[in-house]
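Input: a single structure, listed below in structure tokens.
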Amino acid sequence: MTLLDGKKTAADIRAELAFRAAQIREKLGREAGLAVVLIGDDPASEVYVRNKERACAEVGIASHTYRLPAETSQEEAEALVCSLAKDGRVDGILVQLPLPGHLDEKALLRRIPAQKDVDGFSAENMGLLAKNEGGVAACTPRGVMELLHRYQIPISGKRAVVVGRSNIVGRPMALLLLNADATVTVCHSKTKDLKSICAQADILVAALGKPRFITADMVKEGAAVIDVGISRVDGKLVGDVDFEEVEKKASFITPVPGGVGPMTIAMLLLSVVEAAEKKL
Ligand code: NAP
């Protein structure tokens, strides 16, 4: 069994990105820039934003964080995003979710132009992904693909099962695997006989947000098992996979923490660098 070390892989990627970011600085005369919009005072969001700022600084990307009060109006929030859309220092815009309840998330995200949509959530980027015509893919599924590639896990012709169909993980994950020529099945809460479908997977991606839900009897001998889930149980972070039992059957498995999580932020940095490189 090989442990897919997301922490180390993400560190390798950040080192590669630092080199690319230095070239951008030299050729554009400015750093690649990420604008982060944080509205309200959700403590978890504050931690995520600080982590993103730190990661940007480490590779030489300028982060511009806009902290707005919880009572910010829809018009004010949209006006900020529209001004960032025109701002020449900004290559990527990220609106930290969740937003305060009175704000219309979809309407706000629609203000981010596809070229600056480094989260890959826009209809245009999702459409390009669905048509296999490029575009920016969401960071978490992209991170999973990067792990599979870097550990040379074959995808073409393999049977992949994705458990979860959210717009930020499951759905783009299935499309990326399909675009890489896997035979893909997407499962969700209405799926019948989940166990037997999962047990056929050469690549099993668990992204349902239910701690230790994927048990050893749902896993094919020798499968690559990717655990996207993050839940807190008794103060400890746990994934969607029953790691201790499943690792005995899998050929490859991601730990939680230290698997997909660090890859997500590395892919955000990669999307910002790629957006800036288009201007070289
Ligand atoms: P989500 O929006 O809640 O979606 C969960 C998906 O799982 C839904 O499609 C749901 O089906 C499906 N599901 C729920 N219970 C199920 C069951 N019993 N059997 C089969 N399918 C079931 O969650 P998400 O945003 O995709 O996130 C999923 C997990 O990944 C969470 O633990 C989240 O914290 C984690 N996450 C991690 C990262 C990272 O960087 N590592 C990034 C993002 C998310 P329906 O569509 O039918 O409701």
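So you can find residues: chains in the structure tokens are A, B, ... in the order shown, residues in each start at 1, and ligands are numbered from 1 in order.
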Inset, instruction - Could you pull out the residues sitting within 8 Å of ligand 1, using only C-alpha atoms and all ligand atoms, and write them as a ChimeraX atom specification? - result: /A:139-140,163-170,187-191,194,206-211,213,227-231,239-240,259-265
Limited to N, CA, C and O atoms, could you put the picked residues into a file as a compact mmCIF listing (two decimals), in the first residue's frame?
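Saved the output as out24.txt:
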# COMPACT_ATOMS: atom_id res chain seq x y z
N CYS A 139 -10.61 23.63 -7.40
CA CYS A 139 -9.30 23.29 -6.82
C CYS A 139 -9.24 21.88 -6.21
O CYS A 139 -8.23 21.18 -6.38
N THR A 140 -10.27 21.47 -5.50
CA THR A 140 -10.18 20.18 -4.81
C THR A 140 -10.13 19.01 -5.80
O THR A 140 -9.20 18.19 -5.73
N VAL A 163 -18.26 9.31 -5.07
CA VAL A 163 -19.42 9.37 -4.17
C VAL A 163 -19.58 10.83 -3.74
O VAL A 163 -18.73 11.37 -3.03
N GLY A 164 -20.66 11.46 -4.20
CA GLY A 164 -20.89 12.89 -3.99
C GLY A 164 -21.02 13.58 -5.34
O GLY A 164 -20.29 13.23 -6.28
N ARG A 165 -21.94 14.54 -5.43
CA ARG A 165 -22.16 15.23 -6.71
C ARG A 165 -22.27 16.74 -6.52
O ARG A 165 -22.99 17.42 -7.25
N SER A 166 -21.59 17.28 -5.51
CA SER A 166 -21.67 18.73 -5.30
C SER A 166 -20.96 19.45 -6.43
O SER A 166 -20.10 18.88 -7.11
N ASN A 167 -21.33 20.72 -6.62
CA ASN A 167 -20.71 21.51 -7.69
C ASN A 167 -19.25 21.80 -7.42
O ASN A 167 -18.49 22.10 -8.34
N ILE A 168 -18.83 21.74 -6.15
CA ILE A 168 -17.44 22.09 -5.87
C ILE A 168 -16.52 20.87 -5.82
O ILE A 168 -15.32 21.00 -5.97
N VAL A 169 -17.09 19.68 -5.60
CA VAL A 169 -16.21 18.50 -5.55
C VAL A 169 -16.69 17.39 -6.50
O VAL A 169 -16.05 17.12 -7.53
N GLY A 170 -17.80 16.73 -6.17
CA GLY A 170 -18.17 15.50 -6.87
C GLY A 170 -18.35 15.66 -8.37
O GLY A 170 -17.80 14.90 -9.17
N CYS A 187 -22.16 8.64 -7.65
CA CYS A 187 -23.15 8.19 -6.67
C CYS A 187 -23.55 9.36 -5.77
O CYS A 187 -22.79 10.31 -5.59
N HIS A 188 -24.75 9.26 -5.19
CA HIS A 188 -25.28 10.33 -4.33
C HIS A 188 -26.23 9.71 -3.34
O HIS A 188 -26.32 8.48 -3.24
N SER A 189 -26.96 10.58 -2.65
CA SER A 189 -27.76 10.07 -1.53
C SER A 189 -28.94 9.19 -1.98
O SER A 189 -29.49 8.45 -1.18
N LYS A 190 -29.30 9.26 -3.27
CA LYS A 190 -30.42 8.43 -3.74
C LYS A 190 -29.92 7.17 -4.45
O LYS A 190 -30.71 6.38 -4.96
N THR A 191 -28.62 6.98 -4.51
CA THR A 191 -28.06 5.81 -5.21
C THR A 191 -28.46 4.52 -4.49
O THR A 191 -28.36 4.42 -3.26
N LEU A 194 -25.14 1.22 -3.17
CA LEU A 194 -23.87 1.95 -3.21
C LEU A 194 -22.67 1.02 -3.00
O LEU A 194 -21.64 1.14 -3.68
N ALA A 206 -14.15 9.46 -2.40
CA ALA A 206 -15.21 9.65 -1.41
C ALA A 206 -15.32 11.13 -1.09
O ALA A 206 -14.38 11.73 -0.57
N ALA A 207 -16.46 11.74 -1.43
CA ALA A 207 -16.66 13.17 -1.18
C ALA A 207 -18.10 13.39 -0.75
O ALA A 207 -18.88 14.06 -1.42
N LEU A 208 -18.45 12.78 0.37
CA LEU A 208 -19.85 12.90 0.82
C LEU A 208 -19.98 13.60 2.16
O LEU A 208 -21.05 14.06 2.53
N GLY A 209 -18.86 13.70 2.90
CA GLY A 209 -18.91 14.41 4.17
C GLY A 209 -19.54 13.62 5.29
O GLY A 209 -20.18 14.18 6.18
N LYS A 210 -19.35 12.27 5.24
CA LYS A 210 -19.88 11.41 6.31
C LYS A 210 -18.69 10.62 6.89
O LYS A 210 -18.13 9.75 6.19
N PRO A 211 -18.31 10.91 8.13
CA PRO A 211 -17.08 10.31 8.67
C PRO A 211 -17.05 8.78 8.63
O PRO A 211 -18.01 8.14 9.01
N PHE A 213 -17.48 6.60 6.43
CA PHE A 213 -18.63 5.96 5.77
C PHE A 213 -18.18 4.81 4.86
O PHE A 213 -18.85 3.78 4.76
N ASP A 227 -9.74 10.13 -0.38
CA ASP A 227 -10.68 10.59 0.65
C ASP A 227 -10.71 12.12 0.69
O ASP A 227 -9.77 12.76 1.16
N VAL A 228 -11.81 12.68 0.17
CA VAL A 228 -11.93 14.15 0.15
C VAL A 228 -12.55 14.67 1.45
O VAL A 228 -12.32 15.80 1.85
N GLY A 229 -13.31 13.82 2.10
CA GLY A 229 -14.10 14.26 3.26
C GLY A 229 -13.27 14.81 4.40
O GLY A 229 -12.14 14.36 4.63
N ILE A 230 -13.83 15.81 5.05
CA ILE A 230 -13.22 16.32 6.28
C ILE A 230 -14.34 16.53 7.28
O ILE A 230 -15.25 17.32 7.04
N SER A 231 -14.30 15.79 8.37
CA SER A 231 -15.27 16.01 9.45
C SER A 231 -14.49 16.06 10.75
O SER A 231 -13.37 15.52 10.84
N GLY A 239 -11.78 11.55 7.81
CA GLY A 239 -12.28 11.57 6.44
C GLY A 239 -13.54 10.74 6.29
O GLY A 239 -14.14 10.27 7.27
N ASP A 240 -13.93 10.54 5.01
CA ASP A 240 -15.11 9.73 4.70
C ASP A 240 -14.78 8.24 4.64
O ASP A 240 -15.66 7.41 4.42
N GLY A 259 -3.82 14.65 3.06
CA GLY A 259 -4.03 14.06 1.73
C GLY A 259 -4.50 15.11 0.75
O GLY A 259 -3.72 15.91 0.24
N VAL A 260 -5.82 15.13 0.53
CA VAL A 260 -6.39 16.05 -0.47
C VAL A 260 -6.34 17.51 0.01
O VAL A 260 -6.15 18.42 -0.79
N GLY A 261 -6.52 17.73 1.31
CA GLY A 261 -6.59 19.09 1.85
C GLY A 261 -5.45 20.00 1.39
O GLY A 261 -5.70 21.05 0.79
N PRO A 262 -4.17 19.62 1.63
CA PRO A 262 -3.08 20.50 1.20
C PRO A 262 -3.02 20.70 -0.31
O PRO A 262 -2.55 21.73 -0.79
N MET A 263 -3.54 19.71 -1.06
CA MET A 263 -3.52 19.83 -2.53
C MET A 263 -4.48 20.92 -3.00
O MET A 263 -4.24 21.59 -4.00
N THR A 264 -5.58 21.10 -2.26
CA THR A 264 -6.59 22.09 -2.67
C THR A 264 -5.97 23.48 -2.73
O THR A 264 -6.13 24.21 -3.72
N ILE A 265 -5.25 23.84 -1.70
CA ILE A 265 -4.68 25.19 -1.66
C ILE A 265 -3.55 25.34 -2.68
O ILE A 265 -3.40 26.38 -3.33
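Residues within 7 Å of region 89-97 of chain A, counting only C-alpha atoms and excluding same-chain residues fewer than 5 positions away, are Ala32, Gly33, Leu34, Ala35, Val36, Val37, Leu38, Ser45, Leu84, Ile112, Lys116, Asp117, Val118, Asp119, Val272, Ala275 and Ala276 of chain A.
All residues of protein, DNA or RNA that reach within 8 Å of Met218 (chain A), judged by only C-alpha atoms and not counting those fewer than 5 positions away in the chain, are Lys195, Ser196, Cys198 and Ala199 of chain A.
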Please provide the set of residues having any atom within 12 Å of Glu133 (chain A), restricted to only C-alpha atoms, with same-chain residues fewer than 6 positions apart removed, written as a compact mmCIF listing (two decimals) with N, CA, C and O atoms, in the first residue's frame.
# COMPACT_ATOMS: atom_id res chain seq x y z
N GLU A 124 -19.33 29.27 -16.96
CA GLU A 124 -18.47 29.17 -18.14
C GLU A 124 -17.36 28.13 -17.92
O GLU A 124 -17.13 27.25 -18.77
N ASN A 125 -16.70 28.20 -16.77
CA ASN A 125 -15.64 27.22 -16.51
C ASN A 125 -16.19 25.80 -16.34
O ASN A 125 -15.59 24.84 -16.82
N MET A 126 -17.33 25.68 -15.67
CA MET A 126 -17.95 24.35 -15.54
C MET A 126 -18.37 23.82 -16.91
O MET A 126 -18.25 22.63 -17.20
N GLY A 127 -18.86 24.74 -17.77
CA GLY A 127 -19.29 24.34 -19.12
C GLY A 127 -18.10 23.86 -19.95
O GLY A 127 -18.18 22.84 -20.64
N LEU A 175 -16.19 14.82 -13.96
CA LEU A 175 -15.87 15.31 -15.30
C LEU A 175 -14.38 15.21 -15.59
O LEU A 175 -13.96 14.82 -16.69
N LEU A 176 -13.55 15.54 -14.60
CA LEU A 176 -12.10 15.45 -14.81
C LEU A 176 -11.69 14.00 -15.06
O LEU A 176 -10.84 13.73 -15.91
N ASN A 179 -12.80 13.10 -18.51
CA ASN A 179 -11.93 13.72 -19.51
C ASN A 179 -10.57 13.01 -19.59
O ASN A 179 -9.88 13.11 -20.61
Where in region 77-217 of chain A does DSSP assign alpha helix (DSSP H), given as a PDB file with N, CA, C and O atoms, in the first residue's frame?
ATOM      1  N   ALA A  77     -21.242  44.526  -2.138  1.00  0.00           N
ATOM      2  CA  ALA A  77     -20.415  43.338  -2.399  1.00  0.00           C
ATOM      3  C   ALA A  77     -20.185  43.189  -3.905  1.00  0.00           C
ATOM      4  O   ALA A  77     -19.049  42.955  -4.358  1.00  0.00           O
ATOM      5  N   GLU A  78     -21.253  43.366  -4.687  1.00  0.00           N
ATOM      6  CA  GLU A  78     -21.117  43.219  -6.142  1.00  0.00           C
ATOM      7  C   GLU A  78     -20.234  44.328  -6.721  1.00  0.00           C
ATOM      8  O   GLU A  78     -19.454  44.089  -7.644  1.00  0.00           O
ATOM      9  N   ALA A  79     -20.350  45.535  -6.140  1.00  0.00           N
ATOM     10  CA  ALA A  79     -19.520  46.649  -6.638  1.00  0.00           C
ATOM     11  C   ALA A  79     -18.039  46.339  -6.409  1.00  0.00           C
ATOM     12  O   ALA A  79     -17.195  46.606  -7.280  1.00  0.00           O
ATOM     13  N   LEU A  80     -17.719  45.745  -5.260  1.00  0.00           N
ATOM     14  CA  LEU A  80     -16.320  45.398  -4.990  1.00  0.00           C
ATOM     15  C   LEU A  80     -15.825  44.360  -5.999  1.00  0.00           C
ATOM     16  O   LEU A  80     -14.749  44.518  -6.603  1.00  0.00           O
ATOM     17  N   VAL A  81     -16.616  43.304  -6.199  1.00  0.00           N
ATOM     18  CA  VAL A  81     -16.185  42.247  -7.125  1.00  0.00           C
ATOM     19  C   VAL A  81     -16.028  42.820  -8.541  1.00  0.00           C
ATOM     20  O   VAL A  81     -15.064  42.494  -9.251  1.00  0.00           O
ATOM     21  N   CYS A  82     -16.936  43.706  -8.945  1.00  0.00           N
ATOM     22  CA  CYS A  82     -16.831  44.324 -10.284  1.00  0.00           C
ATOM     23  C   CYS A  82     -15.557  45.161 -10.401  1.00  0.00           C
ATOM     24  O   CYS A  82     -14.900  45.161 -11.446  1.00  0.00           O
ATOM     25  N   SER A  83     -15.191  45.851  -9.313  1.00  0.00           N
ATOM     26  CA  SER A  83     -13.967  46.658  -9.409  1.00  0.00           C
ATOM     27  C   SER A  83     -12.739  45.749  -9.459  1.00  0.00           C
ATOM     28  O   SER A  83     -11.765  46.038 -10.167  1.00  0.00           O
ATOM     29  N   LEU A  84     -12.785  44.625  -8.761  1.00  0.00           N
ATOM     30  CA  LEU A  84     -11.659  43.678  -8.813  1.00  0.00           C
ATOM     31  C   LEU A  84     -11.568  43.034 -10.200  1.00  0.00           C
ATOM     32  O   LEU A  84     -10.474  42.712 -10.675  1.00  0.00           O
ATOM     33  N   ALA A  85     -12.721  42.864 -10.831  1.00  0.00           N
ATOM     34  CA  ALA A  85     -12.733  42.278 -12.184  1.00  0.00           C
ATOM     35  C   ALA A  85     -11.931  43.166 -13.142  1.00  0.00           C
ATOM     36  O   ALA A  85     -11.308  42.670 -14.083  1.00  0.00           O
ATOM     37  N   LYS A  86     -11.912  44.485 -12.868  1.00  0.00           N
ATOM     38  CA  LYS A  86     -11.205  45.420 -13.774  1.00  0.00           C
ATOM     39  C   LYS A  86      -9.792  45.719 -13.285  1.00  0.00           C
ATOM     40  O   LYS A  86      -9.013  46.343 -13.994  1.00  0.00           O
ATOM     41  N   GLU A 105     -25.501  34.475  -3.028  1.00  0.00           N
ATOM     42  CA  GLU A 105     -24.182  33.936  -3.401  1.00  0.00           C
ATOM     43  C   GLU A 105     -24.032  33.791  -4.920  1.00  0.00           C
ATOM     44  O   GLU A 105     -23.029  34.203  -5.497  1.00  0.00           O
ATOM     45  N   LYS A 106     -25.065  33.225  -5.551  1.00  0.00           N
ATOM     46  CA  LYS A 106     -24.961  32.979  -7.004  1.00  0.00           C
ATOM     47  C   LYS A 106     -24.788  34.288  -7.756  1.00  0.00           C
ATOM     48  O   LYS A 106     -23.958  34.392  -8.662  1.00  0.00           O
ATOM     49  N   ALA A 107     -25.575  35.303  -7.370  1.00  0.00           N
ATOM     50  CA  ALA A 107     -25.499  36.593  -8.074  1.00  0.00           C
ATOM     51  C   ALA A 107     -24.118  37.221  -7.878  1.00  0.00           C
ATOM     52  O   ALA A 107     -23.548  37.787  -8.816  1.00  0.00           O
ATOM     53  N   LEU A 108     -23.566  37.092  -6.687  1.00  0.00           N
ATOM     54  CA  LEU A 108     -22.247  37.673  -6.419  1.00  0.00           C
ATOM     55  C   LEU A 108     -21.161  36.946  -7.222  1.00  0.00           C
ATOM     56  O   LEU A 108     -20.307  37.575  -7.862  1.00  0.00           O
ATOM     57  N   LEU A 109     -21.215  35.618  -7.213  1.00  0.00           N
ATOM     58  CA  LEU A 109     -20.186  34.844  -7.928  1.00  0.00           C
ATOM     59  C   LEU A 109     -20.253  35.092  -9.435  1.00  0.00           C
ATOM     60  O   LEU A 109     -19.237  35.034 -10.124  1.00  0.00           O
ATOM     61  N   ALA A 123     -20.302  29.226 -14.393  1.00  0.00           N
ATOM     62  CA  ALA A 123     -20.986  28.401 -15.399  1.00  0.00           C
ATOM     63  C   ALA A 123     -20.088  28.222 -16.617  1.00  0.00           C
ATOM     64  O   ALA A 123     -20.045  27.146 -17.218  1.00  0.00           O
ATOM     65  N   GLU A 124     -19.333  29.273 -16.964  1.00  0.00           N
ATOM     66  CA  GLU A 124     -18.466  29.172 -18.142  1.00  0.00           C
ATOM     67  C   GLU A 124     -17.362  28.128 -17.921  1.00  0.00           C
ATOM     68  O   GLU A 124     -17.134  27.255 -18.767  1.00  0.00           O
ATOM     69  N   ASN A 125     -16.700  28.201 -16.772  1.00  0.00           N
ATOM     70  CA  ASN A 125     -15.638  27.221 -16.512  1.00  0.00           C
ATOM     71  C   ASN A 125     -16.187  25.804 -16.344  1.00  0.00           C
ATOM     72  O   ASN A 125     -15.586  24.843 -16.824  1.00  0.00           O
ATOM     73  N   MET A 126     -17.332  25.677 -15.672  1.00  0.00           N
ATOM     74  CA  MET A 126     -17.945  24.346 -15.535  1.00  0.00           C
ATOM     75  C   MET A 126     -18.371  23.818 -16.912  1.00  0.00           C
ATOM     76  O   MET A 126     -18.247  22.628 -17.200  1.00  0.00           O
ATOM     77  N   GLY A 127     -18.864  24.736 -17.768  1.00  0.00           N
ATOM     78  CA  GLY A 127     -19.286  24.339 -19.117  1.00  0.00           C
ATOM     79  C   GLY A 127     -18.100  23.865 -19.946  1.00  0.00           C
ATOM     80  O   GLY A 127     -18.183  22.842 -20.639  1.00  0.00           O
ATOM     81  N   LEU A 128     -16.984  24.591 -19.850  1.00  0.00           N
ATOM     82  CA  LEU A 128     -15.784  24.192 -20.599  1.00  0.00           C
ATOM     83  C   LEU A 128     -15.296  22.825 -20.125  1.00  0.00           C
ATOM     84  O   LEU A 128     -14.887  21.978 -20.924  1.00  0.00           O
ATOM     85  N   LEU A 129     -15.367  22.625 -18.798  1.00  0.00           N
ATOM     86  CA  LEU A 129     -14.956  21.328 -18.241  1.00  0.00           C
ATOM     87  C   LEU A 129     -15.880  20.217 -18.765  1.00  0.00           C
ATOM     88  O   LEU A 129     -15.419  19.152 -19.181  1.00  0.00           O
ATOM     89  N   ALA A 130     -17.188  20.503 -18.760  1.00  0.00           N
ATOM     90  CA  ALA A 130     -18.154  19.500 -19.220  1.00  0.00           C
ATOM     91  C   ALA A 130     -17.923  19.159 -20.694  1.00  0.00           C
ATOM     92  O   ALA A 130     -18.134  18.020 -21.117  1.00  0.00           O
ATOM     93  N   CYS A 139     -10.611  23.625  -7.403  1.00  0.00           N
ATOM     94  CA  CYS A 139      -9.300  23.288  -6.823  1.00  0.00           C
ATOM     95  C   CYS A 139      -9.239  21.881  -6.211  1.00  0.00           C
ATOM     96  O   CYS A 139      -8.231  21.179  -6.381  1.00  0.00           O
ATOM     97  N   THR A 140     -10.271  21.472  -5.497  1.00  0.00           N
ATOM     98  CA  THR A 140     -10.182  20.176  -4.808  1.00  0.00           C
ATOM     99  C   THR A 140     -10.125  19.007  -5.799  1.00  0.00           C
ATOM    100  O   THR A 140      -9.197  18.186  -5.726  1.00  0.00           O
ATOM    101  N   PRO A 141     -11.060  18.915  -6.757  1.00  0.00           N
ATOM    102  CA  PRO A 141     -10.932  17.815  -7.718  1.00  0.00           C
ATOM    103  C   PRO A 141      -9.654  17.895  -8.549  1.00  0.00           C
ATOM    104  O   PRO A 141      -9.049  16.876  -8.888  1.00  0.00           O
ATOM    105  N   ARG A 142      -9.230  19.117  -8.845  1.00  0.00           N
ATOM    106  CA  ARG A 142      -7.972  19.254  -9.589  1.00  0.00           C
ATOM    107  C   ARG A 142      -6.809  18.702  -8.758  1.00  0.00           C
ATOM    108  O   ARG A 142      -5.890  18.065  -9.276  1.00  0.00           O
ATOM    109  N   GLY A 143      -6.862  18.958  -7.470  1.00  0.00           N
ATOM    110  CA  GLY A 143      -5.830  18.427  -6.570  1.00  0.00           C
ATOM    111  C   GLY A 143      -5.820  16.908  -6.557  1.00  0.00           C
ATOM    112  O   GLY A 143      -4.758  16.281  -6.512  1.00  0.00           O
ATOM    113  N   VAL A 144      -6.992  16.322  -6.625  1.00  0.00           N
ATOM    114  CA  VAL A 144      -7.077  14.847  -6.672  1.00  0.00           C
ATOM    115  C   VAL A 144      -6.417  14.334  -7.956  1.00  0.00           C
ATOM    116  O   VAL A 144      -5.624  13.380  -7.928  1.00  0.00           O
ATOM    117  N   MET A 145      -6.727  14.988  -9.085  1.00  0.00           N
ATOM    118  CA  MET A 145      -6.132  14.557 -10.360  1.00  0.00           C
ATOM    119  C   MET A 145      -4.608  14.671 -10.312  1.00  0.00           C
ATOM    120  O   MET A 145      -3.892  13.792 -10.801  1.00  0.00           O
ATOM    121  N   GLU A 146      -4.139  15.749  -9.717  1.00  0.00           N
ATOM    122  CA  GLU A 146      -2.695  15.989  -9.632  1.00  0.00           C
ATOM    123  C   GLU A 146      -2.031  14.879  -8.800  1.00  0.00           C
ATOM    124  O   GLU A 146      -0.962  14.376  -9.153  1.00  0.00           O
ATOM    125  N   LEU A 147      -2.676  14.494  -7.713  1.00  0.00           N
ATOM    126  CA  LEU A 147      -2.131  13.399  -6.889  1.00  0.00           C
ATOM    127  C   LEU A 147      -2.078  12.100  -7.698  1.00  0.00           C
ATOM    128  O   LEU A 147      -1.072  11.381  -7.674  1.00  0.00           O
ATOM    129  N   LEU A 148      -3.172  11.809  -8.414  1.00  0.00           N
ATOM    130  CA  LEU A 148      -3.198  10.578  -9.227  1.00  0.00           C
ATOM    131  C   LEU A 148      -2.069  10.607 -10.256  1.00  0.00           C
ATOM    132  O   LEU A 148      -1.352   9.605 -10.439  1.00  0.00           O
ATOM    133  N   HIS A 149      -1.882  11.757 -10.915  1.00  0.00           N
ATOM    134  CA  HIS A 149      -0.837  11.857 -11.944  1.00  0.00           C
ATOM    135  C   HIS A 149       0.547  11.719 -11.333  1.00  0.00           C
ATOM    136  O   HIS A 149       1.382  10.972 -11.844  1.00  0.00           O
ATOM    137  N   ARG A 150       0.784  12.428 -10.247  1.00  0.00           N
ATOM    138  CA  ARG A 150       2.142  12.435  -9.673  1.00  0.00           C
ATOM    139  C   ARG A 150       2.528  11.082  -9.086  1.00  0.00           C
ATOM    140  O   ARG A 150       3.704  10.777  -8.994  1.00  0.00           O
ATOM    141  N   GLY A 170     -17.797  16.731  -6.165  1.00  0.00           N
ATOM    142  CA  GLY A 170     -18.166  15.502  -6.871  1.00  0.00           C
ATOM    143  C   GLY A 170     -18.347  15.663  -8.371  1.00  0.00           C
ATOM    144  O   GLY A 170     -17.795  14.897  -9.168  1.00  0.00           O
ATOM    145  N   ARG A 171     -19.129  16.689  -8.753  1.00  0.00           N
ATOM    146  CA  ARG A 171     -19.454  16.860 -10.176  1.00  0.00           C
ATOM    147  C   ARG A 171     -18.206  17.172 -11.013  1.00  0.00           C
ATOM    148  O   ARG A 171     -17.923  16.463 -11.994  1.00  0.00           O
ATOM    149  N   PRO A 172     -17.418  18.220 -10.648  1.00  0.00           N
ATOM    150  CA  PRO A 172     -16.196  18.452 -11.443  1.00  0.00           C
ATOM    151  C   PRO A 172     -15.206  17.292 -11.361  1.00  0.00           C
ATOM    152  O   PRO A 172     -14.474  17.019 -12.318  1.00  0.00           O
ATOM    153  N   MET A 173     -15.198  16.585 -10.233  1.00  0.00           N
ATOM    154  CA  MET A 173     -14.315  15.407 -10.089  1.00  0.00           C
ATOM    155  C   MET A 173     -14.661  14.365 -11.153  1.00  0.00           C
ATOM    156  O   MET A 173     -13.782  13.820 -11.828  1.00  0.00           O
ATOM    157  N   ALA A 174     -15.968  14.089 -11.280  1.00  0.00           N
ATOM    158  CA  ALA A 174     -16.412  13.082 -12.256  1.00  0.00           C
ATOM    159  C   ALA A 174     -16.037  13.517 -13.667  1.00  0.00           C
ATOM    160  O   ALA A 174     -15.572  12.705 -14.483  1.00  0.00           O
ATOM    161  N   LEU A 175     -16.191  14.816 -13.956  1.00  0.00           N
ATOM    162  CA  LEU A 175     -15.875  15.315 -15.302  1.00  0.00           C
ATOM    163  C   LEU A 175     -14.376  15.206 -15.586  1.00  0.00           C
ATOM    164  O   LEU A 175     -13.964  14.820 -16.685  1.00  0.00           O
ATOM    165  N   LEU A 176     -13.554  15.543 -14.599  1.00  0.00           N
ATOM    166  CA  LEU A 176     -12.098  15.450 -14.806  1.00  0.00           C
ATOM    167  C   LEU A 176     -11.685  13.999 -15.059  1.00  0.00           C
ATOM    168  O   LEU A 176     -10.836  13.725 -15.913  1.00  0.00           O
ATOM    169  N   LEU A 177     -12.269  13.080 -14.313  1.00  0.00           N
ATOM    170  CA  LEU A 177     -11.932  11.661 -14.508  1.00  0.00           C
ATOM    171  C   LEU A 177     -12.417  11.178 -15.883  1.00  0.00           C
ATOM    172  O   LEU A 177     -11.717  10.445 -16.579  1.00  0.00           O
ATOM    173  N   LEU A 178     -13.610  11.634 -16.261  1.00  0.00           N
ATOM    174  CA  LEU A 178     -14.145  11.276 -17.584  1.00  0.00           C
ATOM    175  C   LEU A 178     -13.239  11.833 -18.682  1.00  0.00           C
ATOM    176  O   LEU A 178     -12.901  11.134 -19.653  1.00  0.00           O
ATOM    177  N   ASN A 179     -12.803  13.096 -18.514  1.00  0.00           N
ATOM    178  CA  ASN A 179     -11.927  13.720 -19.511  1.00  0.00           C
ATOM    179  C   ASN A 179     -10.573  13.008 -19.588  1.00  0.00           C
ATOM    180  O   ASN A 179      -9.878  13.111 -20.606  1.00  0.00           O
ATOM    181  N   LEU A 194     -25.143   1.224  -3.168  1.00  0.00           N
ATOM    182  CA  LEU A 194     -23.869   1.955  -3.211  1.00  0.00           C
ATOM    183  C   LEU A 194     -22.675   1.021  -3.004  1.00  0.00           C
ATOM    184  O   LEU A 194     -21.645   1.136  -3.678  1.00  0.00           O
ATOM    185  N   LYS A 195     -22.860   0.078  -2.072  1.00  0.00           N
ATOM    186  CA  LYS A 195     -21.740  -0.796  -1.703  1.00  0.00           C
ATOM    187  C   LYS A 195     -21.207  -1.566  -2.916  1.00  0.00           C
ATOM    188  O   LYS A 195     -20.002  -1.588  -3.160  1.00  0.00           O
ATOM    189  N   SER A 196     -22.104  -2.177  -3.693  1.00  0.00           N
ATOM    190  CA  SER A 196     -21.611  -2.985  -4.807  1.00  0.00           C
ATOM    191  C   SER A 196     -21.026  -2.103  -5.916  1.00  0.00           C
ATOM    192  O   SER A 196     -20.116  -2.516  -6.628  1.00  0.00           O
ATOM    193  N   ILE A 197     -21.537  -0.880  -6.070  1.00  0.00           N
ATOM    194  CA  ILE A 197     -20.967   0.027  -7.092  1.00  0.00           C
ATOM    195  C   ILE A 197     -19.547   0.439  -6.670  1.00  0.00           C
ATOM    196  O   ILE A 197     -18.606   0.371  -7.466  1.00  0.00           O
ATOM    197  N   CYS A 198     -19.408   0.821  -5.394  1.00  0.00           N
ATOM    198  CA  CYS A 198     -18.078   1.226  -4.915  1.00  0.00           C
ATOM    199  C   CYS A 198     -17.077   0.076  -5.041  1.00  0.00           C
ATOM    200  O   CYS A 198     -15.905   0.295  -5.380  1.00  0.00           O
TER     201      CYS A 198
END
Inset, instruction - Give the strand (DSSP E) residues of region 55-274 of chain A, as DSSP finds them on the backbone, and put them as a ChimeraX atom specification. - result: /A:61-68,92-95,159-163,183-187,203-206,224-227,231-233,236-238,252-253
Inset, instruction - Excluding Val59 (chain A) and any residue of its chain fewer than 5 positions from it, enumerate the residues within 7 Å of it, using only C-alpha atoms, and give them as a ChimeraX atom specification. - result: /A:14,17-18,21
Legend entry - Nearest-residue call for Ala44 (chain A), choices A:Ala22, A:Arg212, A:Asp104, A:Pro98, using only C-alpha atoms: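 Among A:Ala22, A:Arg212, A:Asp104, A:Pro98, it is A:Pro98 that comes nearest to Ala44 (chain A).
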Inset, instruction - For each of A:Asp41, A:Arg50, A:Leu103, A:Ala180, take the minimum atom-to-atom distance to Glu76 (chain A), counting only C-alpha atoms, then give the residue where this is smallest. - result: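 Ranking A:Asp41, A:Arg50, A:Leu103, A:Ala180 by distance to Glu76 (chain A), first place goes to A:Leu103.
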Legend entry - Polymer residues at most 8 Å from Gly222 (chain A), only C-alpha atoms, same-chain spacing of 4 or more positions, as number ranges by chain: A: 202, 249-252
Inset, instruction - Record the distance separating CA of Ile24 (chain A) and CA of Thr65 (chain A), expressed in Å with one decimal. - result: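 Between these atoms lies a distance of 20.6 Å.
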Inset, instruction - Mind giving me the straight-line distance from CA of Arg110 (chain A) to CA of Leu68 (chain A) in Å, one decimal? - result: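 Answer for the CA of Arg110 (chain A) to CA of Leu68 (chain A) separation: 18.7 Å.
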